[in-house]
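What follows is the content of protein-v4.txt, which has compact mmCIF, C-alpha atoms:
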```txt
# COMPACT_ATOMS: atom_id res chain seq x y z
CA MET A 83 123.56 81.09 86.01
CA ARG A 84 121.77 79.61 89.03
CA ALA A 85 118.48 81.05 87.91
CA GLU A 86 118.58 79.35 84.53
CA VAL A 87 116.12 76.59 83.78
CA GLY A 88 117.71 73.18 83.52
CA LYS A 89 117.24 72.00 79.96
CA ALA A 90 117.50 68.35 80.87
CA SER A 91 114.59 68.49 83.25
CA GLY A 92 111.02 69.71 83.22
CA ARG A 93 111.26 70.63 86.88
CA THR A 94 111.32 74.24 88.03
CA GLY A 95 114.86 75.51 87.58
CA THR A 96 114.80 79.07 88.90
CA ALA A 97 116.07 80.21 92.26
CA ASN A 98 112.81 81.96 93.14
CA GLY A 99 110.71 79.02 91.95
CA ASN A 100 112.56 76.54 94.14
CA LEU A 101 112.49 78.98 97.04
CA ALA A 102 108.69 79.20 96.74
CA LEU A 103 108.30 75.41 96.57
CA ALA A 104 110.60 74.83 99.54
CA THR A 105 108.83 77.48 101.63
CA ALA A 106 105.43 75.91 100.92
CA ALA A 107 106.69 72.43 101.81
CA PHE A 108 108.30 73.77 104.98
CA ALA A 109 105.07 75.50 106.04
CA LEU A 110 102.98 72.37 105.59
CA THR A 111 105.38 70.06 107.42
CA PHE A 112 105.59 72.58 110.25
CA TRP A 113 101.79 72.57 110.45
CA ALA A 114 101.92 68.79 110.81
CA TRP A 115 104.68 69.09 113.42
CA ASN A 116 102.46 71.38 115.49
CA LEU A 117 99.22 69.39 115.34
CA VAL A 118 99.18 68.46 119.04
CA ALA A 119 99.78 71.82 120.74
CA PRO A 120 96.66 73.70 119.50
CA LEU A 121 94.49 70.88 120.88
CA SER A 122 96.13 70.84 124.32
CA ARG A 123 92.95 71.90 126.11
CA THR A 124 90.91 69.21 124.32
CA TYR A 125 93.39 66.51 125.34
CA THR A 126 93.69 67.92 128.87
CA GLU A 127 89.94 67.86 129.46
CA HIS A 128 89.30 64.56 127.69
CA LEU A 129 92.14 62.68 129.42
CA ASP A 130 92.09 64.66 132.71
CA LEU A 131 95.75 65.69 132.44
CA SER A 132 97.78 67.70 134.93
CA PRO A 133 99.68 70.81 133.68
CA ALA A 134 102.94 68.84 133.75
CA ARG A 135 101.53 65.96 131.67
CA THR A 136 100.00 68.41 129.19
CA SER A 137 103.32 70.24 128.76
CA LEU A 138 105.09 66.90 128.18
CA LEU A 139 102.54 65.97 125.50
CA VAL A 140 103.08 69.33 123.78
CA ALA A 141 106.87 69.17 124.02
CA VAL A 142 107.50 65.60 122.80
CA PRO A 143 107.16 66.30 119.04
CA VAL A 144 109.64 69.15 119.46
CA LEU A 145 112.30 66.73 120.74
CA VAL A 146 112.42 64.55 117.63
CA GLY A 147 111.95 67.52 115.34
CA SER A 148 115.07 68.96 116.97
CA LEU A 149 117.44 66.02 117.25
CA GLY A 150 116.27 64.58 113.92
CA ARG A 151 117.66 67.64 112.14
CA ILE A 152 121.20 66.43 112.74
CA PRO A 153 121.03 63.29 110.54
CA VAL A 154 118.56 64.93 108.13
CA GLY A 155 120.95 67.85 107.57
CA ALA A 156 123.80 65.43 106.82
CA LEU A 157 121.57 63.40 104.48
CA THR A 158 120.63 66.61 102.66
CA ASP A 159 124.31 67.31 101.99
CA ARG A 160 124.49 63.87 100.40
CA TYR A 161 121.17 63.42 98.58
CA GLY A 162 119.96 66.98 98.03
CA GLY A 163 116.87 68.92 99.04
CA ARG A 164 114.55 67.50 96.38
CA VAL A 165 114.95 63.92 97.61
CA MET A 166 114.88 64.82 101.29
CA PHE A 167 111.84 67.12 101.13
CA THR A 168 109.95 64.32 99.39
CA ALA A 169 111.11 61.73 101.94
CA VAL A 170 110.29 63.83 105.02
CA GLY A 171 106.82 64.63 103.70
CA LEU A 172 105.98 61.01 102.94
CA VAL A 173 107.37 59.59 106.20
CA SER A 174 105.43 62.21 108.21
CA ILE A 175 102.12 60.83 106.91
CA VAL A 176 102.32 57.76 109.17
CA PRO A 177 102.57 59.48 112.58
CA THR A 178 100.09 62.16 111.46
CA PHE A 179 97.51 59.47 110.81
CA LEU A 180 98.28 57.57 114.02
CA VAL A 181 98.05 60.69 116.20
CA GLY A 182 94.61 61.23 114.71
CA VAL A 183 93.37 57.82 115.89
CA SER A 184 95.00 57.95 119.34
CA GLY A 185 92.99 60.66 121.06
CA ASP A 186 91.70 58.32 123.77
CA SER A 187 95.13 57.19 124.99
CA TYR A 188 97.75 59.44 126.58
CA GLY A 189 100.46 56.82 126.08
CA MET A 190 99.72 56.38 122.37
CA LEU A 191 99.58 60.15 121.88
CA LEU A 192 103.04 60.43 123.44
CA LEU A 193 104.37 57.61 121.26
CA TRP A 194 103.06 58.86 117.92
CA GLY A 195 103.63 62.49 118.90
CA PHE A 196 107.27 61.50 119.31
CA PHE A 197 107.42 60.30 115.69
CA LEU A 198 105.38 63.28 114.52
CA GLY A 199 108.54 65.24 115.25
CA ILE A 200 109.94 63.91 111.95
CA ALA A 201 107.89 66.60 110.17
CA GLY A 202 109.88 69.26 112.03
CA THR A 203 113.19 68.11 110.51
CA SER A 204 112.29 69.73 107.17
CA PHE A 205 114.03 72.90 108.32
CA ALA A 206 117.42 71.18 108.02
CA VAL A 207 116.53 70.27 104.43
CA GLY A 208 115.45 73.71 103.30
CA ILE A 209 118.29 75.94 104.51
CA PRO A 210 121.05 74.24 102.45
CA PHE A 211 118.61 73.68 99.56
CA VAL A 212 117.72 77.37 99.14
CA SER A 213 121.17 78.67 100.11
CA ALA A 214 122.72 76.80 97.18
CA TRP A 215 120.43 78.63 94.74
CA PHE A 216 121.51 82.15 95.76
CA GLU A 217 124.72 84.16 95.73
CA PRO A 218 126.27 84.95 99.14
CA GLY A 219 124.93 88.52 99.12
CA ARG A 220 121.34 87.29 98.86
CA ARG A 221 121.44 84.28 101.15
CA GLY A 222 120.11 86.28 104.09
CA PHE A 223 117.09 87.13 101.95
CA ALA A 224 116.70 83.51 100.78
CA THR A 225 116.97 81.89 104.20
CA GLY A 226 114.71 84.59 105.66
CA VAL A 227 111.98 83.99 103.10
CA PHE A 228 112.28 80.23 103.50
CA GLY A 229 112.14 80.62 107.26
CA ALA A 230 108.78 82.34 106.88
CA GLY A 231 107.49 78.82 106.29
CA MET A 232 107.54 78.43 110.05
CA GLY A 233 104.19 80.19 109.65
CA GLY A 234 102.89 76.64 109.38
CA THR A 235 102.65 76.83 113.16
CA ALA A 236 100.33 79.83 112.76
CA LEU A 237 98.16 77.90 110.33
CA SER A 238 98.02 75.04 112.79
CA ALA A 239 97.21 77.25 115.77
CA PHE A 240 94.38 78.99 113.90
CA LEU A 241 92.94 76.26 111.69
CA THR A 242 93.49 72.98 113.55
CA PRO A 243 91.02 73.73 116.41
CA LEU A 244 88.44 75.03 113.91
CA LEU A 245 88.80 71.99 111.65
CA VAL A 246 88.55 69.60 114.60
CA GLU A 247 85.47 71.44 115.86
CA ARG A 248 83.73 71.20 112.47
CA LEU A 249 85.08 67.97 110.96
CA GLY A 250 86.32 65.94 113.92
CA LEU A 251 89.78 64.87 115.03
CA PHE A 252 90.21 61.93 112.67
CA THR A 253 89.05 63.75 109.53
CA THR A 254 91.32 66.70 110.27
CA HIS A 255 94.36 64.44 110.51
CA LEU A 256 93.29 62.57 107.40
CA LEU A 257 93.21 65.87 105.46
CA MET A 258 96.71 66.64 106.69
CA CYS A 259 97.90 63.24 105.45
CA ALA A 260 96.51 64.04 102.01
CA ALA A 261 98.18 67.47 102.04
CA LEU A 262 101.55 65.93 102.97
CA ALA A 263 101.25 63.44 100.13
CA ALA A 264 100.42 66.25 97.69
CA VAL A 265 103.32 68.50 98.69
CA SER A 266 105.73 65.56 98.52
CA ALA A 267 104.56 64.84 94.98
CA LEU A 268 104.99 68.51 94.03
CA MET A 269 108.53 68.64 95.40
CA TRP A 270 109.50 65.47 93.53
CA ALA A 271 107.92 66.59 90.26
CA PHE A 272 108.80 70.29 90.10
CA SER A 273 111.80 71.11 92.32
CA ARG A 274 115.45 70.55 91.51
CA ASP A 275 118.74 71.05 93.29
CA ALA A 276 120.85 74.07 92.36
CA PRO A 277 123.16 73.61 89.32
CA ASP A 278 126.22 74.39 91.46
CA TRP A 279 125.23 71.99 94.24
CA ARG A 280 127.41 68.90 94.56
CA PRO A 281 126.66 65.96 96.88
CA ARG A 282 129.07 65.18 99.66
CA THR A 283 129.49 61.44 99.29
CA GLY A 284 131.71 60.79 102.28
CA ALA A 285 130.47 59.07 105.42
CA ALA A 286 128.10 61.18 107.50
CA LEU A 287 129.85 60.79 110.86
CA PRO A 288 133.17 62.33 109.72
CA ARG A 289 131.24 65.25 108.22
CA MET A 290 129.39 65.73 111.50
CA ARG A 291 132.69 65.64 113.39
CA GLU A 292 134.05 68.29 111.03
CA ALA A 293 131.00 70.47 111.66
CA VAL A 294 131.22 69.97 115.42
CA ARG A 295 134.83 71.17 115.37
CA LEU A 296 133.80 74.47 113.79
CA LYS A 297 133.56 77.26 116.34
CA ALA A 298 130.80 78.86 114.25
CA THR A 299 128.61 75.78 114.76
CA TRP A 300 128.60 76.14 118.53
CA GLN A 301 128.22 79.90 118.45
CA ALA A 302 125.28 79.81 116.06
CA SER A 303 123.71 76.95 118.05
CA LEU A 304 123.66 79.06 121.21
CA LEU A 305 122.07 82.01 119.44
CA TYR A 306 119.51 79.86 117.65
CA ALA A 307 118.57 78.00 120.82
CA VAL A 308 117.29 81.30 122.18
CA ALA A 309 115.83 82.84 118.99
CA PHE A 310 114.16 79.85 117.36
CA GLY A 311 113.79 77.97 120.63
CA GLY A 312 111.81 80.89 122.02
CA PHE A 313 109.58 80.91 118.95
CA VAL A 314 108.94 77.15 119.14
CA ALA A 315 108.29 77.30 122.89
CA PHE A 316 105.71 80.06 122.53
CA SER A 317 104.10 78.50 119.45
CA THR A 318 103.60 75.17 121.19
CA TYR A 319 102.83 76.31 124.73
CA LEU A 320 101.03 79.62 124.19
CA PRO A 321 97.61 77.95 123.68
CA THR A 322 98.02 76.28 127.08
CA LEU A 323 99.33 79.46 128.72
CA LEU A 324 96.46 81.57 127.43
CA THR A 325 93.80 79.09 128.51
CA THR A 326 95.27 78.72 132.00
CA ALA A 327 96.62 82.20 132.83
CA TYR A 328 94.02 84.29 130.96
CA ASP A 329 91.10 81.83 130.74
CA PHE A 330 90.65 82.06 126.96
CA ALA A 331 88.63 79.45 125.11
CA GLN A 332 90.69 77.03 123.02
CA THR A 333 89.67 78.63 119.69
CA ASP A 334 90.41 82.14 121.01
CA ALA A 335 93.79 81.01 122.32
CA GLY A 336 94.47 79.43 118.93
CA MET A 337 93.69 82.69 117.10
CA ARG A 338 96.03 84.64 119.37
CA THR A 339 98.76 82.04 119.00
CA ALA A 340 98.35 82.31 115.23
CA GLY A 341 98.80 86.07 115.52
CA PHE A 342 101.99 85.52 117.52
CA ALA A 343 103.35 83.12 114.91
CA ILE A 344 102.41 85.41 112.00
CA ALA A 345 104.30 88.30 113.61
CA ALA A 346 107.41 86.12 114.06
CA VAL A 347 107.11 84.73 110.54
CA ALA A 348 106.80 88.20 109.00
CA ALA A 349 109.84 89.37 110.96
CA ARG A 350 112.08 86.47 109.87
CA PRO A 351 112.64 87.56 106.23
CA VAL A 352 113.03 91.13 107.49
CA GLY A 353 115.80 89.84 109.75
CA GLY A 354 117.43 88.16 106.76
CA VAL A 355 117.26 91.28 104.57
CA LEU A 356 118.51 93.51 107.39
CA SER A 357 121.38 91.06 107.92
CA ASP A 358 122.41 91.52 104.28
CA ARG A 359 122.41 95.30 104.80
CA ILE A 360 123.60 96.04 108.35
CA GLY A 361 125.07 92.67 109.35
CA PRO A 362 123.58 89.68 111.16
CA VAL A 363 125.30 90.46 114.46
CA ARG A 364 123.42 93.74 114.89
CA VAL A 365 120.16 92.03 114.00
CA CYS A 366 120.76 89.33 116.61
CA LEU A 367 121.62 91.91 119.27
CA ALA A 368 118.37 93.78 118.63
CA SER A 369 116.49 90.47 118.80
CA PHE A 370 117.85 89.36 122.16
CA LEU A 371 117.58 92.75 123.84
CA GLY A 372 113.99 93.14 122.61
CA THR A 373 113.13 89.68 123.90
CA CYS A 374 114.53 90.58 127.31
CA VAL A 375 112.50 93.78 127.60
CA PHE A 376 109.15 92.24 126.61
CA ALA A 377 109.71 89.13 128.73
CA ILE A 378 110.05 91.42 131.76
CA VAL A 379 106.72 93.06 130.88
CA LEU A 380 105.01 89.66 130.59
CA ALA A 381 106.51 88.54 133.91
CA LEU A 382 104.33 91.18 135.59
CA HIS A 383 101.20 89.39 134.29
CA PRO A 384 99.62 92.49 132.72
CA PRO A 385 95.99 92.59 131.48
CA ALA A 386 95.22 90.27 128.58
CA GLU A 387 94.77 92.58 125.59
CA PHE A 388 97.00 95.50 126.57
CA PRO A 389 99.84 95.47 127.36
CA ALA A 390 100.07 91.65 127.40
CA GLY A 391 98.77 91.17 123.85
CA LEU A 392 101.07 93.87 122.47
CA SER A 393 104.03 92.44 124.38
CA PHE A 394 103.42 88.97 122.94
CA VAL A 395 103.41 90.45 119.42
CA LEU A 396 106.59 92.45 120.04
CA ILE A 397 108.43 89.50 121.55
CA ALA A 398 107.37 87.47 118.49
CA ILE A 399 108.85 90.14 116.20
CA SER A 400 112.06 90.16 118.24
CA LEU A 401 112.43 86.39 118.05
CA GLY A 402 111.57 86.39 114.32
CA LEU A 403 114.30 88.93 113.57
CA GLY A 404 116.77 86.75 115.47
CA THR A 405 115.90 83.58 113.56
CA GLY A 406 116.55 85.40 110.30
CA GLY A 407 119.79 86.88 111.61
CA VAL A 408 121.30 83.64 112.91
CA PHE A 409 121.13 81.77 109.61
CA ALA A 410 122.37 84.78 107.69
CA LEU A 411 125.34 84.52 110.05
CA VAL A 412 125.70 80.78 109.33
CA ALA A 413 125.66 81.45 105.57
CA LYS A 414 128.38 84.05 106.10
CA LEU A 415 130.67 81.94 108.29
CA VAL A 416 130.29 78.43 106.83
CA GLU A 417 131.27 77.21 103.36
CA PRO A 418 128.30 76.02 101.22
CA SER A 419 129.34 72.34 101.15
CA ARG A 420 129.01 72.18 104.95
CA VAL A 421 125.87 74.26 105.35
CA GLY A 422 123.54 71.23 105.45
CA THR A 423 125.42 69.47 108.23
CA VAL A 424 125.94 72.67 110.22
CA THR A 425 122.28 73.59 109.71
CA GLY A 426 121.25 70.22 111.12
CA LEU A 427 123.28 70.81 114.27
CA VAL A 428 122.22 74.44 114.69
CA GLY A 429 118.59 73.57 113.92
CA ALA A 430 118.71 70.83 116.53
CA ALA A 431 119.96 73.32 119.09
CA GLY A 432 117.10 75.66 118.17
CA GLY A 433 114.54 72.92 118.49
CA LEU A 434 115.95 71.79 121.84
CA GLY A 435 115.76 75.41 122.93
CA GLY A 436 112.03 75.09 122.35
CA TYR A 437 111.70 71.68 124.00
CA PHE A 438 112.54 72.53 127.59
CA PRO A 439 110.61 75.81 128.19
CA PRO A 440 107.14 74.22 127.90
CA LEU A 441 108.18 71.60 130.46
CA LEU A 442 109.57 74.34 132.70
CA MET A 443 106.49 76.54 132.30
CA GLY A 444 104.20 73.63 133.13
CA ALA A 445 106.20 72.84 136.25
CA VAL A 446 106.35 76.51 137.31
CA TYR A 447 102.60 76.96 136.87
CA GLN A 448 101.81 73.75 138.72
CA ALA A 449 104.04 74.82 141.63
CA THR A 450 103.17 78.53 141.85
CA GLY A 451 99.93 79.06 139.94
CA GLU A 452 101.54 81.67 137.67
CA TYR A 453 104.23 82.01 134.97
CA THR A 454 106.28 84.88 136.40
CA LEU A 455 109.44 82.87 137.08
CA GLY A 456 109.47 81.43 133.55
CA PHE A 457 109.41 84.89 131.95
CA VAL A 458 112.11 86.16 134.32
CA LEU A 459 114.37 83.28 133.28
CA LEU A 460 113.72 84.06 129.60
CA ALA A 461 114.72 87.69 130.17
CA ALA A 462 117.91 86.67 131.99
CA VAL A 463 118.95 84.19 129.27
CA SER A 464 118.23 86.72 126.51
CA VAL A 465 120.37 89.47 128.00
CA ALA A 466 123.19 87.00 128.71
CA VAL A 467 123.20 85.81 125.08
CA ALA A 468 123.12 89.43 123.87
CA LEU A 469 126.27 90.15 125.89
CA TYR A 470 127.93 87.02 124.48
CA THR A 471 126.98 87.99 120.92
CA SER A 472 128.47 91.46 121.28
CA ARG A 473 131.79 89.97 122.40
CA ALA A 474 132.06 86.79 120.33
CA PHE A 475 131.30 88.43 116.96
CA ARG A 476 133.02 91.76 117.51
CA GLN A 477 135.17 91.25 114.40
CA THR A 478 132.39 89.82 112.21
```
Please rewrite the model in this file as structure tokens.
Amino acid sequence: MRAEVGKASGRTGTANGNLALATAAFALTFWAWNLVAPLSRTYTEHLDLSPARTSLLVAVPVLVGSLGRIPVGALTDRYGGRVMFTAVGLVSIVPTFLVGVSGDSYGMLLLWGFFLGIAGTSFAVGIPFVSAWFEPGRRGFATGVFGAGMGGTALSAFLTPLLVERLGLFTTHLLMCAALAAVSALMWAFSRDAPDWRPRTGAALPRMREAVRLKATWQASLLYAVAFGGFVAFSTYLPTLLTTAYDFAQTDAGMRTAGFAIAAVAARPVGGVLSDRIGPVRVCLASFLGTCVFAIVLALHPPAEFPAGLSFVLIAISLGLGTGGVFALVAKLVEPSRVGTVTGLVGAAGGLGGYFPPLLMGAVYQATGEYTLGFVLLAAVSVAVALYTSRAFRQT
């Protein structure tokens, strides 16, 4: 049985135990990935940045965290989640430290923020790792619970500004380096790959070509670019949006961004469980249509607490349901030996979906002084993807 403890190893050998470890590691690496965005106002004021330059600074880590999932997913198919979680955590320590000592230079922040994106590739490690531990009928639950680790962005939004305010920028980043080292050690010491998991030892490029040829890869990539991309875009840019459009202080904007992320995180496992029960296609449809409705409300620039605050929470829930639904769909359509590679490609699409909106929102605000056009475009894209989903997966 997959839940049996491996007798040859002292490492945790249960499905739930490895799911818990992977979720914790995912949450911490996502916190590291999102270290720059909650401090956008600090960097903007200290370096006298324009809205466009601030949005670029916020978006750069997302780029590497997105594209890096492609090779990391393929490497996970070959070396397993235990090795790759440990590697990603340890490698992420270097840019985390260097971002912490680069606060006086916009160019250095861009450079090391680029490499900080490595921490965001952990998603492509965790999906195949936890999927292999669970039977097909429970993979929606497993990937949904693991996906709740994206709550690391909520931790970052809430705690990073407070820690910087009390301890300073350098000390805060130093603490994160220590935390990354600790979680890497825990994954190496106590996690193990599923008994049924087998490494794919062939060359990575042929495996990627195989995954690219799968229709399911492209379909899931489109859906995830909207669902997860929307979550990433809001998580990284919402502190900036709230300080510019609603004049919140940085700590207040961070608390509200944390609330947004928590709502999305809580909804993700619900999306996975609902996918096991009513099907992932229905969950995705509800996600995209909900996103469309609440984006239209936000386009009207309503008052800050109500209905704007409620609409931000509801759009977070909609996006969270969609992120859970998409990977339940991947687990249903793709054979387990290819899940890592496909996850890397789909995860990259999701990350890229979150890379461009902050740049667009910054440009829109700089040109018009408001965010209306950005929310209108989100509503249009969401309803278009909902229509595509209803047609493309009619037989699923």
Just want the 12 Å neighbourhood of Leu103 of chain A, counted on all atoms listed in the file, with same-chain residues fewer than 2 positions away dropped. Output as a count of residues only. 36
Segment 318-323 of chain A environment, 10 Å, only C-alpha atoms, sequence neighbours closer than 5 positions dropped, as an mmCIF file with C-alpha atoms, in the coordinates of the input:
```
data_model
loop_
_atom_site.group_PDB
_atom_site.id
_atom_site.type_symbol
_atom_site.label_atom_id
_atom_site.label_comp_id
_atom_site.auth_asym_id
_atom_site.auth_seq_id
_atom_site.Cartn_x
_atom_site.Cartn_y
_atom_site.Cartn_z
ATOM 1 C CA TRP A 115 104.680 69.090 113.420
ATOM 2 C CA ASN A 116 102.460 71.380 115.490
ATOM 3 C CA LEU A 117 99.220 69.390 115.340
ATOM 4 C CA VAL A 118 99.180 68.460 119.040
ATOM 5 C CA ALA A 119 99.780 71.820 120.740
ATOM 6 C CA PRO A 120 96.660 73.700 119.500
ATOM 7 C CA LEU A 121 94.490 70.880 120.880
ATOM 8 C CA SER A 122 96.130 70.840 124.320
ATOM 9 C CA ARG A 123 92.950 71.900 126.110
ATOM 10 C CA THR A 126 93.690 67.920 128.870
ATOM 11 C CA PRO A 133 99.680 70.810 133.680
ATOM 12 C CA THR A 136 100.000 68.410 129.190
ATOM 13 C CA SER A 137 103.320 70.240 128.760
ATOM 14 C CA VAL A 140 103.080 69.330 123.780
ATOM 15 C CA ALA A 141 106.870 69.170 124.020
ATOM 16 C CA PRO A 143 107.160 66.300 119.040
ATOM 17 C CA VAL A 144 109.640 69.150 119.460
ATOM 18 C CA THR A 235 102.650 76.830 113.160
ATOM 19 C CA ALA A 239 97.210 77.250 115.770
ATOM 20 C CA PHE A 313 109.580 80.910 118.950
ATOM 21 C CA TYR A 328 94.020 84.290 130.960
ATOM 22 C CA ASP A 329 91.100 81.830 130.740
ATOM 23 C CA PHE A 330 90.650 82.060 126.960
ATOM 24 C CA ALA A 331 88.630 79.450 125.110
ATOM 25 C CA GLN A 332 90.690 77.030 123.020
ATOM 26 C CA THR A 333 89.670 78.630 119.690
ATOM 27 C CA ASP A 334 90.410 82.140 121.010
ATOM 28 C CA ALA A 335 93.790 81.010 122.320
ATOM 29 C CA GLY A 336 94.470 79.430 118.930
ATOM 30 C CA MET A 337 93.690 82.690 117.100
ATOM 31 C CA ARG A 338 96.030 84.640 119.370
ATOM 32 C CA THR A 339 98.760 82.040 119.000
ATOM 33 C CA ALA A 340 98.350 82.310 115.230
ATOM 34 C CA PHE A 342 101.990 85.520 117.520
ATOM 35 C CA PHE A 394 103.420 88.970 122.940
ATOM 36 C CA GLY A 436 112.030 75.090 122.350
ATOM 37 C CA TYR A 437 111.700 71.680 124.000
ATOM 38 C CA PRO A 439 110.610 75.810 128.190
ATOM 39 C CA PRO A 440 107.140 74.220 127.900
ATOM 40 C CA LEU A 441 108.180 71.600 130.460
ATOM 41 C CA MET A 443 106.490 76.540 132.300
ATOM 42 C CA GLY A 444 104.200 73.630 133.130
ATOM 43 C CA TYR A 447 102.600 76.960 136.870
ATOM 44 C CA GLU A 452 101.540 81.670 137.670
ATOM 45 C CA TYR A 453 104.230 82.010 134.970
#
```
What does the distance from atom CA of Thr124 of chain A to atom CA of Met190 of chain A come to in Å, to one decimal?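 These atoms are spaced 15.7 Å apart.
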Using atom CA of Val355 of chain A and atom CA of Phe223 of chain A as the two end points, give the distance in Å to one decimal.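 Separation of atom CA of Val355 of chain A and atom CA of Phe223 of chain A: 4.9 Å.
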Length of the atom CA of Arg248 of chain A to atom CA of Gly182 of chain A vector [Å]: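 Interatomic distance, atom CA of Arg248 of chain A to atom CA of Gly182 of chain A: 14.9 Å.
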All heavy atoms are what I want for segment 322-328 of chain A; can you complete it accordingly and write them as a compact mmCIF listing (two decimals), in the coordinates of the input?
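What landed in result.txt:
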```txt
# COMPACT_ATOMS: atom_id res chain seq x y z
N THR A 322 98.21 76.72 125.70
CA THR A 322 98.02 76.28 127.08
C THR A 322 98.12 77.45 128.05
O THR A 322 97.32 77.60 128.97
CB THR A 322 99.07 75.21 127.43
OG1 THR A 322 98.97 74.12 126.51
CG2 THR A 322 98.86 74.69 128.84
N LEU A 323 99.13 78.31 127.84
CA LEU A 323 99.33 79.46 128.72
C LEU A 323 98.12 80.38 128.71
O LEU A 323 97.66 80.85 129.77
CB LEU A 323 100.60 80.21 128.29
CG LEU A 323 101.08 81.36 129.18
CD1 LEU A 323 102.60 81.51 129.05
CD2 LEU A 323 100.42 82.69 128.80
N LEU A 324 97.59 80.65 127.53
CA LEU A 324 96.46 81.57 127.43
C LEU A 324 95.18 81.00 128.02
O LEU A 324 94.35 81.74 128.56
CB LEU A 324 96.23 81.96 125.96
CG LEU A 324 97.33 82.81 125.32
CD1 LEU A 324 97.05 83.03 123.84
CD2 LEU A 324 97.47 84.15 126.04
N THR A 325 95.00 79.69 127.93
CA THR A 325 93.80 79.09 128.51
C THR A 325 93.88 78.97 130.03
O THR A 325 92.87 79.01 130.72
CB THR A 325 93.53 77.70 127.91
OG1 THR A 325 94.67 76.86 128.09
CG2 THR A 325 93.21 77.79 126.43
N THR A 326 95.11 78.86 130.55
CA THR A 326 95.27 78.72 132.00
C THR A 326 95.44 80.07 132.69
O THR A 326 94.79 80.35 133.70
CB THR A 326 96.47 77.82 132.34
OG1 THR A 326 97.64 78.29 131.67
CG2 THR A 326 96.20 76.39 131.92
N ALA A 327 96.31 80.93 132.16
CA ALA A 327 96.62 82.20 132.83
C ALA A 327 95.58 83.27 132.54
O ALA A 327 95.31 84.14 133.39
CB ALA A 327 98.00 82.69 132.42
N TYR A 328 94.97 83.24 131.34
CA TYR A 328 94.02 84.29 130.96
C TYR A 328 92.62 83.75 130.67
O TYR A 328 91.74 84.51 130.26
CB TYR A 328 94.55 85.05 129.74
CG TYR A 328 95.75 85.93 130.07
CD1 TYR A 328 97.05 85.51 129.78
CD2 TYR A 328 95.58 87.16 130.67
CE1 TYR A 328 98.14 86.30 130.08
CE2 TYR A 328 96.67 87.97 130.99
CZ TYR A 328 97.95 87.54 130.69
OH TYR A 328 99.03 88.33 131.00
```
